[in-house]
file structure32.cif (mmCIF, C-alpha atoms)
data_model
loop_
_atom_site.label_atom_id
_atom_site.label_comp_id
_atom_site.auth_asym_id
_atom_site.auth_seq_id
_atom_site.Cartn_x
_atom_site.Cartn_y
_atom_site.Cartn_z
CA MET A 1 4.18 286.69 11.05
CA SER A 2 7.23 288.72 10.04
CA ASP A 3 7.30 292.50 9.84
CA PRO A 4 5.86 294.00 6.66
CA LEU A 5 7.86 295.90 4.09
CA TYR A 6 7.66 299.68 4.26
CA VAL A 7 7.49 300.62 0.63
CA LYS A 8 7.80 304.14 -0.72
CA VAL A 9 6.66 304.38 -4.33
CA PHE A 10 7.19 307.28 -6.72
CA ARG A 11 3.93 308.57 -8.17
CA PHE A 12 3.52 311.01 -11.02
CA ASN A 13 1.03 311.46 -13.79
CA PRO A 14 2.29 314.26 -16.05
CA ALA A 15 -1.22 314.66 -17.48
CA SER A 16 -2.82 315.59 -14.15
CA ASP A 17 -0.19 316.09 -11.43
CA VAL A 18 1.69 319.32 -10.84
CA ALA A 19 4.60 317.60 -9.13
CA PRO A 20 5.71 314.06 -8.29
CA LYS A 21 5.07 312.60 -4.82
CA PHE A 22 5.77 309.43 -2.89
CA ASP A 23 3.03 307.07 -1.64
CA HIS A 24 3.71 304.80 1.32
CA PHE A 25 2.52 301.20 1.60
CA GLU A 26 2.94 298.37 4.09
CA VAL A 27 3.30 295.17 2.12
CA PRO A 28 3.26 291.68 3.69
CA VAL A 29 6.35 289.57 2.96
CA PHE A 30 6.43 286.01 1.64
CA ASN A 31 9.28 283.67 0.77
CA ASN A 32 11.28 284.39 -2.38
CA MET A 33 9.43 287.64 -2.89
CA ALA A 34 10.77 289.81 -5.71
CA ILE A 35 10.32 293.55 -6.18
CA LEU A 36 7.90 292.76 -9.01
CA ASP A 37 5.74 290.86 -6.46
CA VAL A 38 5.81 293.93 -4.23
CA VAL A 39 4.48 296.30 -6.89
CA MET A 40 1.97 293.70 -8.08
CA HIS A 41 0.69 293.30 -4.53
CA ILE A 42 0.28 297.08 -4.25
CA GLN A 43 -1.58 297.21 -7.57
CA ASN A 44 -3.79 294.20 -6.81
CA TYR A 45 -4.76 294.97 -3.21
CA MET A 46 -3.89 298.58 -2.32
CA ASP A 47 -3.89 300.97 -5.24
CA ARG A 48 -5.07 299.84 -8.64
CA SER A 49 -3.90 303.05 -10.27
CA LEU A 50 -0.19 302.24 -9.82
CA SER A 51 1.47 301.95 -13.22
CA PHE A 52 4.50 299.83 -14.01
CA ARG A 53 5.73 297.75 -16.91
CA PHE A 54 6.56 294.05 -16.93
CA SER A 55 6.26 291.05 -19.19
CA CYS A 56 8.32 287.85 -18.95
CA ARG A 57 9.02 287.75 -15.17
CA ILE A 58 12.22 285.78 -15.75
CA GLY A 59 14.77 288.48 -16.60
CA MET A 60 14.58 288.02 -20.35
CA CYS A 61 12.53 290.89 -21.69
CA GLY A 62 14.09 293.77 -19.74
CA SER A 63 10.79 295.64 -19.40
CA CYS A 64 10.53 295.76 -15.58
CA ALA A 65 13.70 297.78 -14.89
CA MET A 66 13.17 300.20 -11.96
CA TYR A 67 15.28 302.27 -9.61
CA VAL A 68 15.13 300.34 -6.35
CA ASN A 69 16.90 301.63 -3.24
CA GLY A 70 19.18 303.88 -5.25
CA ARG A 71 20.12 301.46 -7.98
CA ALA A 72 18.70 300.42 -11.35
CA ARG A 73 17.52 296.79 -11.19
CA LEU A 74 15.17 294.35 -12.88
CA ALA A 75 12.14 294.12 -10.57
CA CYS A 76 11.56 290.46 -11.45
CA ARG A 77 15.13 289.39 -10.63
CA THR A 78 15.62 291.43 -7.46
CA GLN A 79 14.76 289.48 -4.33
CA VAL A 80 13.46 291.53 -1.43
CA SER A 81 15.73 289.56 0.90
CA ALA A 82 18.79 290.64 -1.14
CA LEU A 83 18.11 294.29 -0.27
CA LYS A 84 18.68 293.46 3.43
CA THR A 85 16.23 296.09 4.61
CA ARG A 86 12.50 296.40 5.24
CA ASN A 87 12.47 299.93 3.82
CA ILE A 88 12.18 299.95 0.07
CA THR A 89 12.05 302.96 -2.21
CA ILE A 90 10.92 302.33 -5.78
CA MET A 91 11.34 304.97 -8.47
CA PRO A 92 11.32 305.06 -12.28
CA LEU A 93 14.65 304.72 -14.10
CA PRO A 94 16.61 307.99 -14.13
CA ASN A 95 17.58 309.64 -17.45
CA PHE A 96 14.25 308.73 -19.09
CA PRO A 97 11.10 310.84 -19.52
CA ILE A 98 8.34 309.61 -17.20
CA ILE A 99 5.10 308.44 -18.79
CA ARG A 100 3.40 307.62 -15.50
CA ASP A 101 4.55 306.41 -12.06
CA LEU A 102 7.21 303.74 -12.70
CA VAL A 103 6.72 303.62 -16.46
CA VAL A 104 9.33 305.48 -18.49
CA ASP A 105 9.47 306.41 -22.14
CA MET A 106 12.15 304.24 -23.78
CA GLU A 107 12.03 306.22 -27.04
CA PRO A 108 15.30 308.20 -26.51
CA PHE A 109 17.08 304.93 -25.68
CA PHE A 110 15.84 303.11 -28.78
CA GLN A 111 16.38 306.15 -30.97
CA LYS A 112 20.10 305.87 -30.18
CA TRP A 113 19.90 302.12 -30.64
CA LYS A 114 18.59 302.80 -34.19
CA GLU A 115 21.40 305.26 -34.93
CA ILE A 116 24.03 302.55 -34.80
CA LYS A 117 22.01 300.30 -37.14
CA PRO A 118 21.65 297.44 -34.66
CA TYR A 119 21.22 294.70 -37.26
CA TYR A 120 23.74 292.48 -38.97
CA LEU A 121 24.32 293.09 -42.68
CA PRO A 122 26.32 290.28 -44.30
CA LYS A 123 29.08 290.90 -46.83
CA LYS A 124 27.96 289.85 -50.32
CA GLU A 125 30.95 287.62 -50.93
CA ILE A 126 30.31 285.52 -47.81
CA ASP A 127 28.45 282.24 -48.28
CA GLU A 128 26.29 281.30 -45.32
CA PRO A 129 26.64 279.38 -43.13
CA VAL A 130 30.00 280.76 -42.02
CA VAL A 131 32.22 278.50 -39.94
CA ILE A 132 33.04 280.16 -36.61
CA ARG A 133 35.67 278.42 -34.55
CA PRO A 134 34.43 277.77 -30.99
CA ASP A 135 37.79 278.90 -29.58
CA SER A 136 37.72 282.23 -31.43
CA LYS A 137 38.58 284.91 -28.83
CA GLU A 138 36.78 287.55 -30.89
CA ARG A 139 33.63 285.45 -31.00
CA GLU A 140 33.77 284.70 -27.27
CA PHE A 141 33.86 288.41 -26.52
CA ILE A 142 31.03 289.17 -28.93
CA ASP A 143 28.93 286.34 -27.51
CA ASP A 144 29.25 287.67 -23.94
CA MET A 145 28.16 291.13 -25.05
CA LEU A 146 25.18 289.77 -26.98
CA ASP A 147 23.39 288.92 -23.72
CA CYS A 148 22.04 292.50 -23.58
CA ILE A 149 18.26 292.60 -23.10
CA SER A 150 18.03 296.38 -23.68
CA CYS A 151 16.47 296.98 -20.27
CA GLY A 152 17.95 300.48 -20.04
CA CYS A 153 19.62 299.98 -16.62
CA CYS A 154 23.03 300.98 -18.00
CA TYR A 155 21.57 304.02 -19.74
CA SER A 156 19.89 305.15 -16.52
CA ALA A 157 23.07 304.68 -14.46
CA CYS A 158 25.38 306.49 -16.88
CA SER A 159 26.37 309.93 -15.62
CA MET A 160 27.41 310.93 -19.15
CA VAL A 161 23.86 310.29 -20.40
CA ALA A 162 22.63 312.35 -17.45
CA THR A 163 24.72 315.34 -18.49
CA ASN A 164 24.27 315.01 -22.24
CA LYS A 165 21.11 313.71 -23.87
CA GLU A 166 22.86 313.30 -27.24
CA TYR A 167 25.37 310.76 -25.94
CA LEU A 168 24.67 307.37 -27.51
CA GLY A 169 24.93 305.57 -24.19
CA PRO A 170 26.44 302.23 -23.13
CA ALA A 171 23.83 299.85 -24.57
CA ALA A 172 23.88 301.24 -28.12
CA LEU A 173 27.69 301.43 -28.12
CA ASN A 174 27.96 297.89 -26.81
CA ARG A 175 25.62 296.68 -29.56
CA ALA A 176 27.66 298.62 -32.13
CA TYR A 177 30.81 296.88 -30.95
CA THR A 178 29.33 293.39 -31.31
CA LEU A 179 28.69 294.19 -34.98
CA ILE A 180 31.90 296.13 -35.68
CA ALA A 181 33.98 293.30 -34.21
CA ASP A 182 32.19 290.82 -36.46
CA LYS A 183 34.34 290.48 -39.59
CA ARG A 184 31.35 289.16 -41.58
CA ASP A 185 29.54 292.50 -41.23
CA ALA A 186 29.38 294.59 -44.42
CA ILE A 187 29.06 298.06 -42.88
CA ARG A 188 31.66 297.94 -40.08
CA VAL A 189 33.42 301.10 -41.28
CA GLU A 190 30.15 303.04 -41.61
CA ARG A 191 29.13 301.90 -38.14
CA LEU A 192 32.48 303.00 -36.76
CA LYS A 193 31.92 306.46 -38.27
CA VAL A 194 28.62 306.73 -36.36
CA VAL A 195 30.28 306.02 -33.02
CA ASP A 196 33.49 308.00 -33.74
CA ARG A 197 32.12 311.39 -32.74
CA SER A 198 32.02 313.60 -29.71
CA TYR A 199 28.70 312.17 -28.47
CA GLY A 200 29.69 308.65 -29.44
CA VAL A 201 32.50 306.72 -27.79
CA TRP A 202 34.47 309.83 -26.81
CA ARG A 203 32.02 310.91 -24.11
CA CYS A 204 32.61 307.72 -22.11
CA HIS A 205 34.91 308.37 -19.14
CA THR A 206 35.21 304.71 -18.14
CA GLN A 207 33.37 305.14 -14.85
CA PHE A 208 31.90 301.62 -15.12
CA ASN A 209 28.49 302.70 -13.76
CA CYS A 210 26.90 300.76 -16.63
CA ALA A 211 28.74 297.57 -15.74
CA GLU A 212 27.86 298.02 -12.06
CA VAL A 213 24.11 297.80 -12.69
CA CYS A 214 23.87 295.49 -15.70
CA PRO A 215 21.58 292.58 -14.72
CA LYS A 216 23.35 290.39 -17.30
CA ASN A 217 26.83 291.22 -15.97
CA ILE A 218 27.88 292.76 -19.26
CA VAL A 219 30.70 295.32 -19.14
CA PRO A 220 29.79 297.87 -21.85
CA THR A 221 32.82 299.96 -20.87
CA ARG A 222 35.05 297.22 -22.31
CA SER A 223 33.20 297.38 -25.61
CA ILE A 224 33.48 301.16 -25.65
CA GLN A 225 37.23 301.04 -24.98
CA ASN A 226 37.60 298.51 -27.79
CA LEU A 227 35.66 300.85 -30.06
CA LYS A 228 38.02 303.71 -29.14
CA ARG A 229 41.00 301.52 -30.07
CA ARG A 230 39.40 300.68 -33.40
CA CYS A 231 38.78 304.38 -34.08
CA VAL A 232 42.51 305.00 -33.56
CA LEU A 233 43.43 302.03 -35.76
CA LYS A 234 41.13 303.46 -38.45
CA LYS A 235 43.08 306.74 -38.33
CA PHE A 236 46.28 304.76 -38.88
CA GLY A 237 44.58 302.98 -41.79
CA ILE A 238 44.86 299.60 -40.06
CA PHE A 239 41.14 298.99 -39.47
CA LYS A 240 39.31 298.11 -42.69
CA MET B 1 40.33 314.61 -34.01
CA HIS B 2 39.03 312.77 -30.95
CA ALA B 3 40.83 309.57 -31.91
CA TRP B 4 44.18 311.35 -32.19
CA THR B 5 43.79 313.41 -29.03
CA TRP B 6 42.61 310.37 -27.04
CA PHE B 7 45.52 308.33 -28.38
CA LEU B 8 47.99 311.10 -27.48
CA GLN B 9 46.44 311.30 -24.01
CA ARG B 10 47.26 307.60 -23.50
CA ILE B 11 50.77 307.99 -24.94
CA SER B 12 51.44 311.05 -22.76
CA ALA B 13 50.23 309.13 -19.69
CA VAL B 14 52.73 306.33 -20.34
CA ILE B 15 55.55 308.81 -21.01
CA LEU B 16 54.69 310.77 -17.86
CA VAL B 17 54.93 307.65 -15.74
CA ILE B 18 58.39 306.92 -17.19
CA VAL B 19 59.68 310.51 -17.10
CA LEU B 20 58.28 311.17 -13.62
CA GLY B 21 59.83 307.91 -12.44
CA LEU B 22 63.21 309.02 -13.79
CA HIS B 23 62.74 312.50 -12.33
CA ILE B 24 61.92 311.18 -8.86
CA GLY B 25 64.65 308.56 -9.18
CA PHE B 26 67.27 311.20 -10.01
CA LEU B 27 66.14 313.50 -7.23
CA HIS B 28 65.87 311.00 -4.42
CA PHE B 29 68.01 307.99 -5.19
CA SER B 30 71.03 309.22 -7.13
CA ASN B 31 72.46 311.02 -4.16
CA GLY B 32 74.27 308.08 -2.58
CA GLY B 33 72.73 308.64 0.85
CA GLU B 34 74.49 311.94 1.45
CA SER B 35 72.58 315.07 2.35
CA LEU B 36 71.61 317.33 -0.55
CA ASN B 37 73.36 320.61 -1.10
CA TYR B 38 72.63 323.51 -3.44
CA THR B 39 75.82 323.24 -5.51
CA ASP B 40 75.29 319.54 -6.27
CA ILE B 41 71.67 320.09 -7.24
CA MET B 42 72.53 323.02 -9.54
CA ALA B 43 75.30 320.99 -11.15
CA ARG B 44 72.89 318.14 -11.78
CA LEU B 45 70.14 320.41 -13.12
CA LYS B 46 72.58 321.83 -15.68
CA THR B 47 73.26 318.46 -17.31
CA PRO B 48 71.70 318.09 -20.79
CA ILE B 49 70.01 314.84 -19.81
CA PHE B 50 68.22 316.49 -16.87
CA ILE B 51 67.18 319.51 -18.93
CA SER B 52 65.86 317.20 -21.67
CA LEU B 53 63.98 315.16 -19.07
CA ASP B 54 62.36 318.29 -17.62
CA ILE B 55 61.39 319.57 -21.06
CA LEU B 56 59.74 316.23 -21.82
CA LEU B 57 57.95 316.38 -18.46
CA LEU B 58 56.76 319.88 -19.29
CA ILE B 59 55.47 319.00 -22.77
CA PHE B 60 53.64 315.82 -21.84
CA GLY B 61 52.47 317.11 -18.44
CA LEU B 62 50.94 320.20 -20.05
CA TYR B 63 49.28 318.21 -22.85
CA HIS B 64 47.90 315.61 -20.45
CA ALA B 65 46.56 318.14 -17.96
CA LEU B 66 45.07 320.58 -20.47
CA TYR B 67 43.45 317.91 -22.62
CA GLY B 68 42.00 316.39 -19.44
CA LEU B 69 40.62 319.80 -18.55
CA TYR B 70 39.12 320.19 -22.02
CA SER B 71 37.47 316.75 -21.73
CA VAL B 72 35.84 317.85 -18.48
CA PHE B 73 34.64 321.04 -20.18
CA LEU B 74 33.09 319.01 -23.05
CA ASP B 75 30.87 317.22 -20.52
CA PHE B 76 29.07 320.48 -19.85
CA ASP B 77 27.41 320.25 -23.26
CA SER B 78 28.41 323.76 -24.33
CA GLY B 79 27.80 325.35 -27.72
CA LYS B 80 30.27 325.29 -30.63
CA LYS B 81 31.36 328.88 -30.00
CA GLU B 82 32.17 328.23 -26.33
CA LYS B 83 34.12 325.11 -27.30
CA ILE B 84 36.26 327.07 -29.77
CA VAL B 85 36.90 329.82 -27.18
CA VAL B 86 37.89 327.36 -24.44
CA PHE B 87 40.00 325.31 -26.85
CA GLY B 88 41.80 328.46 -28.03
CA PHE B 89 42.32 329.61 -24.45
CA LEU B 90 43.77 326.26 -23.37
CA VAL B 91 46.06 326.05 -26.41
CA THR B 92 47.31 329.60 -25.79
CA MET B 93 47.80 328.85 -22.10
CA GLY B 94 49.61 325.60 -22.88
CA LEU B 95 51.93 327.18 -25.42
CA SER B 96 52.67 330.12 -23.09
CA PHE B 97 53.51 327.83 -20.16
CA LEU B 98 55.59 325.68 -22.48
CA GLY B 99 57.50 328.75 -23.70
CA PHE B 100 58.04 330.05 -20.16
CA GLY B 101 59.08 326.62 -18.94
CA ILE B 102 61.60 325.96 -21.70
CA PHE B 103 62.94 329.51 -21.44
CA GLY B 104 63.33 329.10 -17.68
CA LEU B 105 65.04 325.75 -17.94
CA ILE B 106 67.46 326.80 -20.65
CA CYS B 107 68.27 330.30 -19.33
CA THR B 108 68.65 329.27 -15.70
CA PHE B 109 70.69 326.17 -16.14
CA CYS B 110 72.60 326.63 -19.42
#
call {"tool": "encode", "arguments": {"input": "structure32.cif", "output": "structure tokens"}}
result
Amino acid sequence: MSDPLYVKVFRFNPASDVAPKFDHFEVPVFNNMAILDVVMHIQNYMDRSLSFRFSCRIGMCGSCAMYVNGRARLACRTQVSALKTRNITIMPLPNFPIIRDLVVDMEPFFQKWKEIKPYYLPKKEIDEPVVIRPDSKEREFIDDMLDCISCGCCYSACSMVATNKEYLGPAALNRAYTLIADKRDAIRVERLKVVDRSYGVWRCHTQFNCAEVCPKNIVPTRSIQNLKRRCVLKKFGIFK
Amino acid sequence: MHAWTWFLQRISAVILVIVLGLHIGFLHFSNGGESLNYTDIMARLKTPIFISLDILLLIFGLYHALYGLYSVFLDFDSGKKEKIVVFGFLVTMGLSFLGFGIFGLICTFC
């Protein structure tokens, strides 16, 4: 039998605990074990009070994002073997208020998501369905960026979010870009106004932390840079 | 304002690369392999093209550096009053250095 995993788990219940602490567990390993299996094993057999969030188990819902060995990851898509160590530290995502243990409050994240009006509003003069050429460069870029599952990994890794809670963050800005770049959208200019402010696109310093941790390999920094360009074009009266 | 200042930051970066390239090129490669001497350097520094180049370097270098500094300051999430004070201080500092620099270049070499 192989050595167990030495797992250190962040524990904190704001309702009853004065300060956070770490609990230590020895968890047996099995083939293809993911971090989600590790926390489920702890909850099922060692400590039933451990709180964490999960749903789909296949990297679609984005609810099981955690801070594992110093990096934001989806627990269901992170293989224990990929960490290349038997020592695992699991913490809640940084930059979010903690509800309990590994469960964070996503409200600030989705509040910013709402600010950019994350839904498509068609222009009145456009008759659906609209023909979109498969080789459209603009569409290809938008399609790549639409893979976002709003897990919050980028938001937790962003040092600008860490220093300023008002900053919209990479996920909301990326979503804004997918709509602003879509010529069928009726409120592109209004959307651009929302992101063209100090705590919008201009706080991004292109550090690429968001891209580094995105489980869907999206590069929100690219979207943000494109938004900055569009803000400049708007000043020149070119973007309409 | 952010769009303009960000755009100017990019423009100044490109200009700095070009002007610094010319500056370094003039200093190190236009000497024909001979050792430098004071008289030659002073003669070169007095040429209008070199003075213009240095003034451009001064303008864009100051803008690029001070706007970069202001961007770093903005990350500290300060209040509106502090922002105005720091902005005013940096503008005053920039204009003073620009004045000193241009005065020095023109008075020394013209």
call {"tool": "closest_residue", "arguments": {"input": "structure32.cif", "among": "A:Val68, A:Ile58, A:Cys214, A:Val39", "to": "Asp147 (chain A)", "atoms": "all atoms listed in the file"}}
result
A:Cys214
call {"tool": "interface_residues", "arguments": {"input": "structure32.cif", "of": "chain A", "to": "chain B", "cutoff": "12 Å", "atoms": "all atoms listed in the file", "output": "PyMOL selection string"}}
result
chain A and resi 159-167+192-193+195-205+225+227-236
call {"tool": "closest_residue", "arguments": {"input": "structure32.cif", "among": "B:Ala65, B:Cys107, B:Leu36, B:Leu8", "to": "Met93 (chain B)", "atoms": "only C-alpha atoms"}}
result
B:Ala65
call {"tool": "resolve_selection", "arguments": {"input": "structure32.cif", "expression": "the PyMOL selection byres ((chain A and resi 108-120) around 8)", "output": "PDB file with C-alpha atoms, in the coordinates of the input"}}
result
ATOM      1  CA  PHE A  96      14.250 308.730 -19.090  1.00  0.00           C
ATOM      2  CA  ASP A 105       9.470 306.410 -22.140  1.00  0.00           C
ATOM      3  CA  MET A 106      12.150 304.240 -23.780  1.00  0.00           C
ATOM      4  CA  GLU A 107      12.030 306.220 -27.040  1.00  0.00           C
ATOM      5  CA  LEU A 121      24.320 293.090 -42.680  1.00  0.00           C
ATOM      6  CA  PRO A 122      26.320 290.280 -44.300  1.00  0.00           C
ATOM      7  CA  GLY A 152      17.950 300.480 -20.040  1.00  0.00           C
ATOM      8  CA  TYR A 155      21.570 304.020 -19.740  1.00  0.00           C
ATOM      9  CA  LEU A 168      24.670 307.370 -27.510  1.00  0.00           C
ATOM     10  CA  GLY A 169      24.930 305.570 -24.190  1.00  0.00           C
ATOM     11  CA  ALA A 171      23.830 299.850 -24.570  1.00  0.00           C
ATOM     12  CA  ALA A 172      23.880 301.240 -28.120  1.00  0.00           C
ATOM     13  CA  LEU A 173      27.690 301.430 -28.120  1.00  0.00           C
ATOM     14  CA  ARG A 175      25.620 296.680 -29.560  1.00  0.00           C
ATOM     15  CA  ALA A 176      27.660 298.620 -32.130  1.00  0.00           C
ATOM     16  CA  LEU A 179      28.690 294.190 -34.980  1.00  0.00           C
ATOM     17  CA  ASP A 185      29.540 292.500 -41.230  1.00  0.00           C
ATOM     18  CA  ARG A 191      29.130 301.900 -38.140  1.00  0.00           C
ATOM     19  CA  VAL A 194      28.620 306.730 -36.360  1.00  0.00           C
ATOM     20  CA  VAL A 195      30.280 306.020 -33.020  1.00  0.00           C
TER      21      VAL A 195
END
call {"tool": "resolve_selection", "arguments": {"input": "structure32.cif", "expression": "the PyMOL selection byres ((chain B and resi 14-27) around 10)", "output": "list of chain:residue names"}}
result
B:Leu8, B:Gln9, B:Arg10, B:Ile11, B:Ser12, B:Ala13, B:His28, B:Phe29, B:Ser30, B:Asn31, B:Leu36, B:Ile41, B:Arg44, B:Leu45, B:Phe50, B:Leu53, B:Asp54, B:Leu56, B:Leu57, B:Leu58, B:Ile59, B:Phe60, B:Gly61, B:His64
call {"tool": "atom_distance", "arguments": {"input": "structure32.cif", "atom1": "CA of Ile106 (chain B)", "atom2": "CA of Val91 (chain B)"}}
result
22.2 Å
